[in-house]
>>> print(open('my_file_22.pdb').read())   # PDB, C-alpha atoms
ATOM      1  CA  MET P   1       0.000   0.000   0.000  1.00  0.00           C
ATOM      2  CA  PRO P   2       1.400   3.432  -0.862  1.00  0.00           C
ATOM      3  CA  ASP P   3       2.313   5.647   2.053  1.00  0.00           C
ATOM      4  CA  GLU P   4       0.524   8.583   0.525  1.00  0.00           C
ATOM      5  CA  ILE P   5      -1.922   9.521  -2.190  1.00  0.00           C
ATOM      6  CA  ARG P   6      -1.248  12.551  -4.341  1.00  0.00           C
ATOM      7  CA  VAL P   7      -3.772  14.403  -6.492  1.00  0.00           C
ATOM      8  CA  THR P   8      -2.644  16.868  -9.165  1.00  0.00           C
ATOM      9  CA  VAL P   9      -5.090  19.583 -10.235  1.00  0.00           C
ATOM     10  CA  ASP P  10      -4.475  21.186 -13.632  1.00  0.00           C
ATOM     11  CA  ASP P  11      -7.492  23.516 -13.633  1.00  0.00           C
ATOM     12  CA  GLU P  12      -7.075  25.887 -10.693  1.00  0.00           C
ATOM     13  CA  SER P  13     -10.242  27.916 -11.393  1.00  0.00           C
ATOM     14  CA  ARG P  14     -12.207  26.018  -8.694  1.00  0.00           C
ATOM     15  CA  LEU P  15      -9.258  25.172  -6.455  1.00  0.00           C
ATOM     16  CA  ASP P  16     -10.721  26.937  -3.395  1.00  0.00           C
ATOM     17  CA  GLU P  17     -13.862  24.860  -3.715  1.00  0.00           C
ATOM     18  CA  PHE P  18     -11.784  21.716  -4.143  1.00  0.00           C
ATOM     19  CA  GLU P  19      -9.745  22.399  -0.994  1.00  0.00           C
ATOM     20  CA  ALA P  20     -12.843  22.877   1.171  1.00  0.00           C
ATOM     21  CA  ARG P  21     -14.484  19.773  -0.263  1.00  0.00           C
ATOM     22  CA  PHE P  22     -11.297  17.749   0.203  1.00  0.00           C
ATOM     23  CA  ASP P  23     -10.920  18.849   3.825  1.00  0.00           C
ATOM     24  CA  GLU P  24     -14.552  18.147   4.643  1.00  0.00           C
ATOM     25  CA  THR P  25     -14.717  14.751   2.966  1.00  0.00           C
ATOM     26  CA  MET P  26     -11.274  13.334   3.594  1.00  0.00           C
ATOM     27  CA  THR P  27     -11.058  14.425   7.230  1.00  0.00           C
ATOM     28  CA  GLN P  28     -14.206  12.467   8.081  1.00  0.00           C
ATOM     29  CA  VAL P  29     -12.933   9.398   6.221  1.00  0.00           C
ATOM     30  CA  VAL P  30      -9.518   9.474   7.898  1.00  0.00           C
ATOM     31  CA  ILE P  31     -11.092   9.988  11.337  1.00  0.00           C
ATOM     32  CA  SER P  32     -13.442   7.051  10.783  1.00  0.00           C
ATOM     33  CA  LEU P  33     -10.686   4.751   9.529  1.00  0.00           C
ATOM     34  CA  THR P  34      -8.210   5.563  12.291  1.00  0.00           C
ATOM     35  CA  GLU P  35     -10.912   5.101  14.933  1.00  0.00           C
ATOM     36  CA  ARG P  36     -11.726   1.698  13.434  1.00  0.00           C
ATOM     37  CA  VAL P  37      -8.080   0.602  13.492  1.00  0.00           C
ATOM     38  CA  ALA P  38      -7.592   1.954  17.035  1.00  0.00           C
ATOM     39  CA  THR P  39     -10.678   0.117  18.313  1.00  0.00           C
ATOM     40  CA  GLN P  40      -9.557  -3.164  16.776  1.00  0.00           C
ATOM     41  CA  ALA P  41      -6.021  -2.693  18.134  1.00  0.00           C
ATOM     42  CA  GLN P  42      -7.413  -2.032  21.625  1.00  0.00           C
ATOM     43  CA  ARG P  43      -9.495  -5.227  21.440  1.00  0.00           C
ATOM     44  CA  ASN P  44      -6.451  -7.270  20.398  1.00  0.00           C
ATOM     45  CA  ALA P  45      -3.917  -5.651  22.722  1.00  0.00           C
ATOM     46  CA  PRO P  46      -2.317  -7.865  25.359  1.00  0.00           C
ATOM     47  CA  ARG P  47      -3.903  -7.430  28.758  1.00  0.00           C
ATOM     48  CA  ASP P  48      -2.209  -7.049  32.074  1.00  0.00           C
ATOM     49  CA  THR P  49      -3.135  -3.750  33.672  1.00  0.00           C
ATOM     50  CA  GLY P  50      -4.906  -2.416  30.559  1.00  0.00           C
ATOM     51  CA  VAL P  51      -2.600   0.593  30.368  1.00  0.00           C
ATOM     52  CA  PHE P  52      -1.294  -0.251  26.898  1.00  0.00           C
ATOM     53  CA  ALA P  53      -4.746  -0.921  25.429  1.00  0.00           C
ATOM     54  CA  GLY P  54      -6.052   2.280  27.012  1.00  0.00           C
ATOM     55  CA  SER P  55      -3.202   4.283  25.531  1.00  0.00           C
ATOM     56  CA  ILE P  56      -3.985   3.323  21.920  1.00  0.00           C
ATOM     57  CA  GLN P  57      -5.603   6.253  20.173  1.00  0.00           C
ATOM     58  CA  PRO P  58      -6.161   7.723  16.728  1.00  0.00           C
ATOM     59  CA  LEU P  59      -4.256  10.864  15.803  1.00  0.00           C
ATOM     60  CA  ILE P  60      -5.161  13.112  12.875  1.00  0.00           C
ATOM     61  CA  GLU P  61      -2.805  15.785  11.566  1.00  0.00           C
ATOM     62  CA  GLN P  62      -3.295  18.317   8.799  1.00  0.00           C
ATOM     63  CA  PRO P  63       0.220  19.688   8.291  1.00  0.00           C
ATOM     64  CA  ALA P  64      -0.625  21.558   5.078  1.00  0.00           C
ATOM     65  CA  PRO P  65      -3.588  22.329   2.847  1.00  0.00           C
ATOM     66  CA  LEU P  66      -4.872  19.249   1.036  1.00  0.00           C
ATOM     67  CA  THR P  67      -2.831  16.998   3.327  1.00  0.00           C
ATOM     68  CA  ILE P  68      -4.364  14.835   6.033  1.00  0.00           C
ATOM     69  CA  SER P  69      -2.456  12.161   7.913  1.00  0.00           C
ATOM     70  CA  GLY P  70      -4.013   9.581  10.172  1.00  0.00           C
ATOM     71  CA  PHE P  71      -2.072   7.555  12.729  1.00  0.00           C
ATOM     72  CA  VAL P  72      -2.868   5.077  15.454  1.00  0.00           C
ATOM     73  CA  VAL P  73      -0.421   5.475  18.315  1.00  0.00           C
ATOM     74  CA  SER P  74       0.333   4.470  21.879  1.00  0.00           C
ATOM     75  CA  SER P  75       2.004   6.783  24.345  1.00  0.00           C
ATOM     76  CA  VAL P  76       3.391   4.139  26.731  1.00  0.00           C
ATOM     77  CA  ALA P  77       7.163   3.706  26.827  1.00  0.00           C
ATOM     78  CA  TYR P  78       7.013  -0.024  26.116  1.00  0.00           C
ATOM     79  CA  ALA P  79       4.730   0.228  23.057  1.00  0.00           C
ATOM     80  CA  GLY P  80       7.696  -0.506  20.781  1.00  0.00           C
ATOM     81  CA  VAL P  81       8.219  -3.845  22.531  1.00  0.00           C
ATOM     82  CA  ILE P  82       4.585  -4.864  22.056  1.00  0.00           C
ATOM     83  CA  GLU P  83       4.482  -3.636  18.450  1.00  0.00           C
ATOM     84  CA  GLY P  84       7.983  -4.841  17.601  1.00  0.00           C
ATOM     85  CA  VAL P  85       9.217  -1.639  16.002  1.00  0.00           C
ATOM     86  CA  ASP P  86      12.564   0.137  16.196  1.00  0.00           C
ATOM     87  CA  GLU P  87      13.117   3.847  16.858  1.00  0.00           C
ATOM     88  CA  GLU P  88      12.293   4.693  13.221  1.00  0.00           C
ATOM     89  CA  GLY P  89       9.040   2.700  13.292  1.00  0.00           C
ATOM     90  CA  ASN P  90      10.314  -0.232  11.209  1.00  0.00           C
ATOM     91  CA  GLU P  91       9.043  -3.659  12.198  1.00  0.00           C
ATOM     92  CA  VAL P  92      11.659  -5.925  13.767  1.00  0.00           C
ATOM     93  CA  GLU P  93      11.601  -9.623  14.644  1.00  0.00           C
ATOM     94  CA  PHE P  94      11.679  -9.140  18.416  1.00  0.00           C
ATOM     95  CA  GLY P  95      10.014  -6.547  20.582  1.00  0.00           C
ATOM     96  CA  ARG P  96      12.782  -7.236  23.054  1.00  0.00           C
ATOM     97  CA  ARG P  97      15.698  -9.063  21.491  1.00  0.00           C
ATOM     98  CA  PRO P  98      17.371 -12.125  23.037  1.00  0.00           C
ATOM     99  CA  GLY P  99      20.524 -11.274  24.943  1.00  0.00           C
ATOM    100  CA  ALA P 100      19.361  -7.770  25.864  1.00  0.00           C
ATOM    101  CA  ARG P 101      19.935  -6.576  29.416  1.00  0.00           C
ATOM    102  CA  PHE P 102      17.902  -8.139  32.194  1.00  0.00           C
ATOM    103  CA  PRO P 103      14.380  -6.652  32.319  1.00  0.00           C
ATOM    104  CA  PRO P 104      13.288  -4.652  35.385  1.00  0.00           C
ATOM    105  CA  VAL P 105      12.567  -7.229  38.091  1.00  0.00           C
ATOM    106  CA  GLY P 106      10.190  -4.918  39.960  1.00  0.00           C
ATOM    107  CA  LYS P 107       7.830  -4.765  36.970  1.00  0.00           C
ATOM    108  CA  ILE P 108       8.079  -8.517  36.440  1.00  0.00           C
ATOM    109  CA  ARG P 109       7.408  -9.114  40.131  1.00  0.00           C
ATOM    110  CA  LEU P 110       4.153  -7.127  39.907  1.00  0.00           C
ATOM    111  CA  TRP P 111       3.193  -9.064  36.767  1.00  0.00           C
ATOM    112  CA  VAL P 112       3.893 -12.392  38.539  1.00  0.00           C
ATOM    113  CA  GLU P 113       1.695 -11.378  41.463  1.00  0.00           C
ATOM    114  CA  ARG P 114      -1.180 -10.352  39.163  1.00  0.00           C
ATOM    115  CA  LYS P 115      -0.991 -13.048  36.492  1.00  0.00           C
ATOM    116  CA  ILE P 116       0.313 -16.128  38.302  1.00  0.00           C
ATOM    117  CA  GLY P 117      -0.526 -15.380  41.914  1.00  0.00           C
ATOM    118  CA  VAL P 118       1.067 -16.620  45.078  1.00  0.00           C
ATOM    119  CA  ASP P 119      -1.401 -19.518  45.484  1.00  0.00           C
ATOM    120  CA  GLN P 120      -0.429 -21.046  42.142  1.00  0.00           C
ATOM    121  CA  ILE P 121       3.277 -20.497  42.817  1.00  0.00           C
ATOM    122  CA  ARG P 122       2.970 -22.117  46.245  1.00  0.00           C
ATOM    123  CA  ALA P 123       1.027 -25.056  44.763  1.00  0.00           C
ATOM    124  CA  ARG P 124       3.804 -25.674  42.247  1.00  0.00           C
ATOM    125  CA  ALA P 125       6.586 -25.195  44.788  1.00  0.00           C
ATOM    126  CA  GLY P 126       5.070 -27.694  47.195  1.00  0.00           C
ATOM    127  CA  LYS P 127       5.899 -27.612  50.870  1.00  0.00           C
ATOM    128  CA  THR P 128       8.906 -25.369  51.346  1.00  0.00           C
ATOM    129  CA  ALA P 129      10.137 -23.161  54.126  1.00  0.00           C
ATOM    130  CA  ARG P 130      10.226 -20.186  51.732  1.00  0.00           C
ATOM    131  CA  THR P 131       7.911 -17.252  52.318  1.00  0.00           C
ATOM    132  CA  ASP P 132       5.413 -16.038  49.739  1.00  0.00           C
ATOM    133  CA  GLU P 133       7.674 -13.048  49.068  1.00  0.00           C
ATOM    134  CA  GLN P 134      10.644 -15.324  48.382  1.00  0.00           C
ATOM    135  CA  LEU P 135       8.592 -17.479  46.019  1.00  0.00           C
ATOM    136  CA  ILE P 136       7.384 -14.414  44.105  1.00  0.00           C
ATOM    137  CA  ASP P 137      10.951 -13.075  43.900  1.00  0.00           C
ATOM    138  CA  GLU P 138      12.261 -16.423  42.628  1.00  0.00           C
ATOM    139  CA  THR P 139       9.492 -16.691  40.032  1.00  0.00           C
ATOM    140  CA  ALA P 140      10.069 -13.104  38.883  1.00  0.00           C
ATOM    141  CA  PHE P 141      13.780 -13.840  38.505  1.00  0.00           C
ATOM    142  CA  LEU P 142      13.055 -16.965  36.425  1.00  0.00           C
ATOM    143  CA  VAL P 143      10.621 -15.065  34.179  1.00  0.00           C
ATOM    144  CA  GLY P 144      13.169 -12.242  33.772  1.00  0.00           C
ATOM    145  CA  ARG P 145      15.927 -14.709  32.922  1.00  0.00           C
ATOM    146  CA  LYS P 146      13.741 -16.326  30.264  1.00  0.00           C
ATOM    147  CA  ILE P 147      12.946 -12.909  28.761  1.00  0.00           C
ATOM    148  CA  ALA P 148      16.641 -11.953  28.785  1.00  0.00           C
ATOM    149  CA  ARG P 149      17.617 -15.207  27.072  1.00  0.00           C
ATOM    150  CA  GLN P 150      14.757 -15.650  24.603  1.00  0.00           C
ATOM    151  CA  GLY P 151      13.526 -12.101  24.092  1.00  0.00           C
ATOM    152  CA  ILE P 152       9.889 -11.171  23.586  1.00  0.00           C
ATOM    153  CA  ARG P 153       8.127 -11.666  20.281  1.00  0.00           C
ATOM    154  CA  PRO P 154       5.843  -8.738  19.406  1.00  0.00           C
ATOM    155  CA  THR P 155       2.080  -9.173  19.238  1.00  0.00           C
ATOM    156  CA  ARG P 156       1.652  -6.097  16.976  1.00  0.00           C
ATOM    157  CA  PRO P 157      -1.965  -5.172  17.796  1.00  0.00           C
ATOM    158  CA  ILE P 158      -1.775  -1.823  15.972  1.00  0.00           C
ATOM    159  CA  GLY P 159       0.148  -3.165  12.981  1.00  0.00           C
ATOM    160  CA  ASN P 160      -2.141  -6.179  12.677  1.00  0.00           C
ATOM    161  CA  ALA P 161      -5.264  -4.009  12.947  1.00  0.00           C
ATOM    162  CA  PHE P 162      -3.938  -1.826  10.143  1.00  0.00           C
ATOM    163  CA  ARG P 163      -3.145  -4.853   7.963  1.00  0.00           C
ATOM    164  CA  ALA P 164      -6.580  -6.374   8.643  1.00  0.00           C
ATOM    165  CA  ASN P 165      -8.217  -3.137   7.454  1.00  0.00           C
ATOM    166  CA  GLU P 166      -5.836  -2.322   4.603  1.00  0.00           C
ATOM    167  CA  SER P 167      -8.261  -3.135   1.773  1.00  0.00           C
ATOM    168  CA  LEU P 168     -11.080  -1.237   3.501  1.00  0.00           C
ATOM    169  CA  ILE P 169      -8.792   1.767   3.998  1.00  0.00           C
ATOM    170  CA  ARG P 170      -7.810   1.734   0.332  1.00  0.00           C
ATOM    171  CA  SER P 171     -11.439   1.363  -0.773  1.00  0.00           C
ATOM    172  CA  GLU P 172     -12.765   4.147   1.475  1.00  0.00           C
ATOM    173  CA  ILE P 173     -10.055   6.569   0.372  1.00  0.00           C
ATOM    174  CA  GLU P 174     -10.768   5.807  -3.291  1.00  0.00           C
ATOM    175  CA  LYS P 175     -14.509   6.355  -2.709  1.00  0.00           C
ATOM    176  CA  ALA P 176     -13.790   9.641  -0.949  1.00  0.00           C
ATOM    177  CA  ILE P 177     -11.601  10.846  -3.822  1.00  0.00           C
ATOM    178  CA  THR P 178     -14.379   9.993  -6.265  1.00  0.00           C
ATOM    179  CA  ARG P 179     -16.913  11.984  -4.149  1.00  0.00           C
ATOM    180  CA  ILE P 180     -14.547  14.954  -3.997  1.00  0.00           C
ATOM    181  CA  PHE P 181     -14.263  15.092  -7.791  1.00  0.00           C
ATOM    182  CA  GLU P 182     -17.999  14.681  -8.451  1.00  0.00           C
TER     183      GLU P 182
END
>>> encode(input="my_file_22.pdb", output="structure tokens")
Amino acid sequence: MPDEIRVTVDDESRLDEFEARFDETMTQVVISLTERVATQAQRNAPRDTGVFAGSIQPLIEQPAPLTISGFVVSSVAYAGVIEGVDEEGNEVEFGRRPGARFPPVGKIRLWVERKIGVDQIRARAGKTARTDEQLIDETAFLVGRKIARQGIRPTRPIGNAFRANESLIRSEIEKAITRIFE
């Protein structure tokens, strides 16, 4: 899919009318499409605390006349890990690559408490003299070690939502262009 669509107007006699019609029509289409992609990405986002899913939002920019850009973004610091993109926005194989530094144990510890829970950890550990806190710490360390060794594969909820809607996006933009020129 092209990154942009360009329209060249040879007859400038009705250009002011064209610009207003373009802005009115295309803005609504881009808003609708980005909201659709954002909603689907939120539905498919991994769940832990819900912060990532809640941070996914559409963003519309109009940097110049006859130019409208629509984005679906997340403002959380770890969005690149979930989406599997580098600093330039290019997709990469791993959200967090194998062999990277050890992940923050405090965050993993909270995840272990929420997702696994001390009861399940204790049931797997059997009868030990270790406290619940020790068991959670040990489990968090093991999870962190696995992440450091194997990395984290991205789930790409935003990228996948865009790809799932790519033909609809293309179709709706083409329809809007046709309406603008009518």
>>> axis_aligned_box(input="my_file_22.pdb", around="stretch 114-130 of chain P", padding_each_side="8 Å", output="JSON")
{"center_x": 4.4, "center_y": -19.0, "center_z": 45.3, "size_x": 27.6, "size_y": 33.3, "size_z": 33.6}
>>> resolve_selection(input="my_file_22.pdb", expression="the PyMOL selection byres ((chain P and resi 45-49) around 12)", output="PyMOL selection string")
chain P and resi 37-44+50-56+74+79+81-83+107-108+110-116+154-161
>>> closest_atom_pairs(input="my_file_22.pdb", of="stretch 134-168 of chain P", to="stretch 15-36 of chain P", cutoff="9 Å", atoms="only C-alpha atoms", output="CSV")
residue,atom,partner,partner_atom,distance
P:Ala161,CA,P:Arg36,CA,8.6
P:Phe162,CA,P:Thr34,CA,8.8
P:Asn165,CA,P:Arg36,CA,8.5
P:Leu168,CA,P:Leu33,CA,8.5
>>> atom_distance(input="my_file_22.pdb", atom1="atom CA of P:Ala148", atom2="atom CA of P:Val73")
26.5 Å
>>> closest_residue(input="my_file_22.pdb", among="P:Pro63, P:Gly70, P:Gly126, P:Gly151", to="P:Glu93", atoms="only C-alpha atoms")
P:Gly151
>>> residues_around(input="my_file_22.pdb", residues="P:Arg109", least_positions_apart="5", cutoff="7 Å", atoms="only C-alpha atoms", output="compact mmCIF listing (two decimals) with C-alpha atoms, keeping the file's coordinate frame")
# COMPACT_ATOMS: atom_id res chain seq x y z
CA ILE P 136 7.38 -14.41 44.10
CA ASP P 137 10.95 -13.08 43.90
CA ALA P 140 10.07 -13.10 38.88
>>> atom_distance(input="my_file_22.pdb", atom1="atom CA of P:Ile147", atom2="atom CA of P:Gln134")
19.9 Å
>>> atom_distance(input="my_file_22.pdb", atom1="atom CA of P:Arg96", atom2="atom CA of P:Arg153")
7.0 Å
>>> resolve_selection(input="my_file_22.pdb", expression="the PyMOL selection byres ((chain P and resi 145) around 12)", output="mmCIF file with C-alpha atoms, in the coordinates of the input")
data_model
loop_
_atom_site.group_PDB
_atom_site.id
_atom_site.type_symbol
_atom_site.label_atom_id
_atom_site.label_comp_id
_atom_site.auth_asym_id
_atom_site.auth_seq_id
_atom_site.Cartn_x
_atom_site.Cartn_y
_atom_site.Cartn_z
ATOM 1 C CA PRO P 98 17.371 -12.125 23.037
ATOM 2 C CA GLY P 99 20.524 -11.274 24.943
ATOM 3 C CA ALA P 100 19.361 -7.770 25.864
ATOM 4 C CA ARG P 101 19.935 -6.576 29.416
ATOM 5 C CA PHE P 102 17.902 -8.139 32.194
ATOM 6 C CA PRO P 103 14.380 -6.652 32.319
ATOM 7 C CA PRO P 104 13.288 -4.652 35.385
ATOM 8 C CA VAL P 105 12.567 -7.229 38.091
ATOM 9 C CA ILE P 108 8.079 -8.517 36.440
ATOM 10 C CA GLU P 138 12.261 -16.423 42.628
ATOM 11 C CA THR P 139 9.492 -16.691 40.032
ATOM 12 C CA ALA P 140 10.069 -13.104 38.883
ATOM 13 C CA PHE P 141 13.780 -13.840 38.505
ATOM 14 C CA LEU P 142 13.055 -16.965 36.425
ATOM 15 C CA VAL P 143 10.621 -15.065 34.179
ATOM 16 C CA GLY P 144 13.169 -12.242 33.772
ATOM 17 C CA LYS P 146 13.741 -16.326 30.264
ATOM 18 C CA ILE P 147 12.946 -12.909 28.761
ATOM 19 C CA ALA P 148 16.641 -11.953 28.785
ATOM 20 C CA ARG P 149 17.617 -15.207 27.072
ATOM 21 C CA GLN P 150 14.757 -15.650 24.603
ATOM 22 C CA GLY P 151 13.526 -12.101 24.092
ATOM 23 C CA ILE P 152 9.889 -11.171 23.586
#
>>> residues_near_point(input="my_file_22.pdb", point="(-5.2, 13.6, 12.9)", cutoff="8 Å", atoms="only C-alpha atoms", output="list in words")
Val30, Ile31, Pro58, Leu59, Ile60, Glu61, Gln62, Ile68, Ser69, Gly70 and Phe71 of chain P
>>> residues_near_point(input="my_file_22.pdb", point="(2.3, -18.5, 52.2)", cutoff="9 Å", atoms="all atoms listed in the file", output="list in words")
Val118, Asp119, Arg122, Arg130, Thr131, Asp132, Glu133 and Leu135 of chain P
>>> write_last_selection(input="my_file_22.pdb", atoms="C-alpha atoms", output="mmCIF file, in the frame of the given file")
data_model
loop_
_atom_site.group_PDB
_atom_site.id
_atom_site.type_symbol
_atom_site.label_atom_id
_atom_site.label_comp_id
_atom_site.auth_asym_id
_atom_site.auth_seq_id
_atom_site.Cartn_x
_atom_site.Cartn_y
_atom_site.Cartn_z
ATOM 1 C CA VAL P 118 1.067 -16.620 45.078
ATOM 2 C CA ASP P 119 -1.401 -19.518 45.484
ATOM 3 C CA ARG P 122 2.970 -22.117 46.245
ATOM 4 C CA ARG P 130 10.226 -20.186 51.732
ATOM 5 C CA THR P 131 7.911 -17.252 52.318
ATOM 6 C CA ASP P 132 5.413 -16.038 49.739
ATOM 7 C CA GLU P 133 7.674 -13.048 49.068
ATOM 8 C CA LEU P 135 8.592 -17.479 46.019
#
